[in-house]
Amino acid sequence: MMRSNPVHRYLPAIGLVSVFYGINILLGLGRDSLLAAKFGATEQLDALLLGLNFARTLGISLALAVAGVLVPVFTPIILANDSRLVLSLSYRWLAASMIALIPLSLLLAYFASPVAKLLGPGLSDAGLQELSRVLVILSPLLIILACAGLGKALSESYGTYFAYPLFLGFCTLGLIAGVLLASPWGIQSAALGLLGGGVAGLAAQILLIGRRSPLKNAWPSNPSGPPAIGLPPTRLPIRNVLFFLGSSLLVLLQGVVERAYASQLPPGSVVALSLSLNVLGVPSTLVLPAVSAVLLPVLSRMEQQGRSKRFGLPRQYYVIIILLAAAATIVLFLSSDFVVRLLFLRGKFTEEAASLTSMIIKLTSISLVAYVLTTVLRQVLIARHWMAHDALISGITLLTKISLLQILVPRYGIFGLIGALVITSFGTSTLYIGLIYYCYQPEAVA
């Protein structure tokens with residue numbers, strides 16, 4: 001019955017986290033409106049958005065990889081009430097990640113100019129110079145986001161699901177403050193503000209974890225009680241993290257590739273595409289991150305207890321998900337003109353840029369159902385530790401998208417770019433469905 005379903009019991013938590021992500025959405029729309037009014041659909045804003053997208057691609061993919069792999073690892077240890085082991089694994093993971101990420105951050109700052117040329121091949125010399133400066137400023141963001149990923153894993157494992165969206169909110173507030181308080185610096189002030197907001201958000205996340213979890217009582221000087229029995233090995237899941245990191249990078253690199261091709265189109269195309277995808281992400285961002293945050297620990301427990309369905313969730317949940325995504329698609333399609341004019345048509349953002357943004361929203365909204373299904377099904381693969389399968393699908397999707405962009409964009413411009421996005425979205429969800437259907441073996445998890 002519905003009452004006995006463990007997923008149903010977590011609906012209040014999903015609702016609470018959705019509220020926090022809803023606040024993030026409002027902050028993000030305010031950020032986009034401010035940037036559009038301040039800079040307009042110009043190459044300067046193109047450079048900022050390319051830099052922000054690249055830094056977030058690397059950093060958030062690492063954060064998602066850390067959380068996605070460590071939550072299933074932490075879950076049985078937390079159920080055994082061994083907070084010391086959780087703390088030990090966390091410190092070991094933090095030390096290992098810093099050894100890798102500090103040199104990576106320095107390399108990004110040192111090679112900012114060559115990276116800028118790869119990200120924005122269509123930008124002028126002035127635009128490339130702006131982009132390289134943004135990359136130098138944002139290079140430490142990789143370390144901050146990696147730490148936030150560990151915080152995400154700990155907070156979600158202990159039930160404090162809103163800690164990570166709170167961190168993201170601080171990042172957005174920092175960017176807004178940077179634009180408002182240091183506007184003479186141009187787009188560099190936005191990058192500096194984002195960096196400062198990330199530091200403040202990480203501090204808030206650490207404070208929440210310390211207050212709302214047993215980890216504060218897990219120091220070696222405190223009695224730990226009787227030793228836990230039957231715990232899994234304490235080795236760091238480096239292999240799974242690498243697979244999942246690779247998969248997350250491949251997924252998020254799709255956005256980098258899309259914007260790189262958009263930069264070869266008329267000026268302002270990157271701005272229109274970025275703003276369109278941000279508006280398109282409103283319904284999915286409102287619910288899906290909350291569902292993922294709560295769903296992964298639940299699916300991990302169900303997998304260990306042998307109670308998981310073939311597709312993780314009961315069928316009725318998928319029916320509801322598809323219906324909600326279809327309804328959101330219709331609403332976005334019908335209201336895109338009004339939303340774009342309400343949010344962005346002011347300051348230097350022209351009527352022509354607003355029309356282009358609205359058109360992109362209409363056409364890309366078709367892929368919302370596929371995107372929602374892919375996000376949910378990916379949590380099933382993570383809970384089952386199918387990291388290599390997930391990386392394979394992500395690689396196939398990226399190669400397919402690059403091929404389609406190479407064929408369609410020179411012929412059809414922005415319409416070709418949108419077509420490649422929609423086709424690969426539905427293709428990815430089909431690959432996930434087929435993989436889970438043919439690879440799932442009930443006796444293996446019973």
# chains A, B, ... in the order shown; residues from 1 in each chain; ligands from 1
call {"tool": "residues_around", "arguments": {"residues": "Ala388 in chain A", "least_positions_apart": "4", "cutoff": "10 Å", "atoms": "only C-alpha atoms", "output": "ChimeraX atom specification"}}
result
/A:239-240,242-244,246-247,381-382,392-394
call {"tool": "residues_around", "arguments": {"residues": "Leu363 in chain A", "least_positions_apart": "6", "cutoff": "12 Å", "atoms": "only C-alpha atoms", "output": "MDAnalysis selection string"}}
result
chainID A and resid 273 276:277 280 329:330 332:334 336 356:357 414:423
call {"tool": "write_last_selection", "arguments": {"atoms": "C-alpha atoms", "output": "PDB file, in the first residue's frame"}}
result
ATOM      1  CA  LEU A 273      20.645  30.442 -24.931  1.00  0.00           C
ATOM      2  CA  SER A 276      16.422  30.425 -22.083  1.00  0.00           C
ATOM      3  CA  LEU A 277      17.855  27.324 -20.419  1.00  0.00           C
ATOM      4  CA  LEU A 280      13.411  26.261 -18.888  1.00  0.00           C
ATOM      5  CA  THR A 329       6.060  22.035 -20.889  1.00  0.00           C
ATOM      6  CA  ILE A 330       2.661  23.404 -21.916  1.00  0.00           C
ATOM      7  CA  LEU A 332       6.363  27.249 -20.543  1.00  0.00           C
ATOM      8  CA  PHE A 333       5.390  27.121 -24.207  1.00  0.00           C
ATOM      9  CA  LEU A 334       2.353  29.347 -23.708  1.00  0.00           C
ATOM     10  CA  SER A 336       7.429  32.220 -22.645  1.00  0.00           C
ATOM     11  CA  LEU A 356      15.134  35.136 -29.650  1.00  0.00           C
ATOM     12  CA  THR A 357      15.121  34.065 -25.988  1.00  0.00           C
ATOM     13  CA  ILE A 414      20.305  28.532 -33.718  1.00  0.00           C
ATOM     14  CA  PHE A 415      17.539  26.175 -34.917  1.00  0.00           C
ATOM     15  CA  GLY A 416      20.130  23.483 -35.558  1.00  0.00           C
ATOM     16  CA  LEU A 417      21.527  23.954 -32.065  1.00  0.00           C
ATOM     17  CA  ILE A 418      18.069  23.571 -30.518  1.00  0.00           C
ATOM     18  CA  GLY A 419      17.376  20.511 -32.665  1.00  0.00           C
ATOM     19  CA  ALA A 420      20.573  18.826 -31.446  1.00  0.00           C
ATOM     20  CA  LEU A 421      19.633  19.579 -27.837  1.00  0.00           C
ATOM     21  CA  VAL A 422      16.132  18.116 -28.153  1.00  0.00           C
ATOM     22  CA  ILE A 423      17.223  14.994 -30.051  1.00  0.00           C
TER      23      ILE A 423
END
call {"tool": "atom_distance", "arguments": {"atom1": "CA of Val66 in chain A", "atom2": "CA of Thr160 in chain A"}}
result
16.7 Å
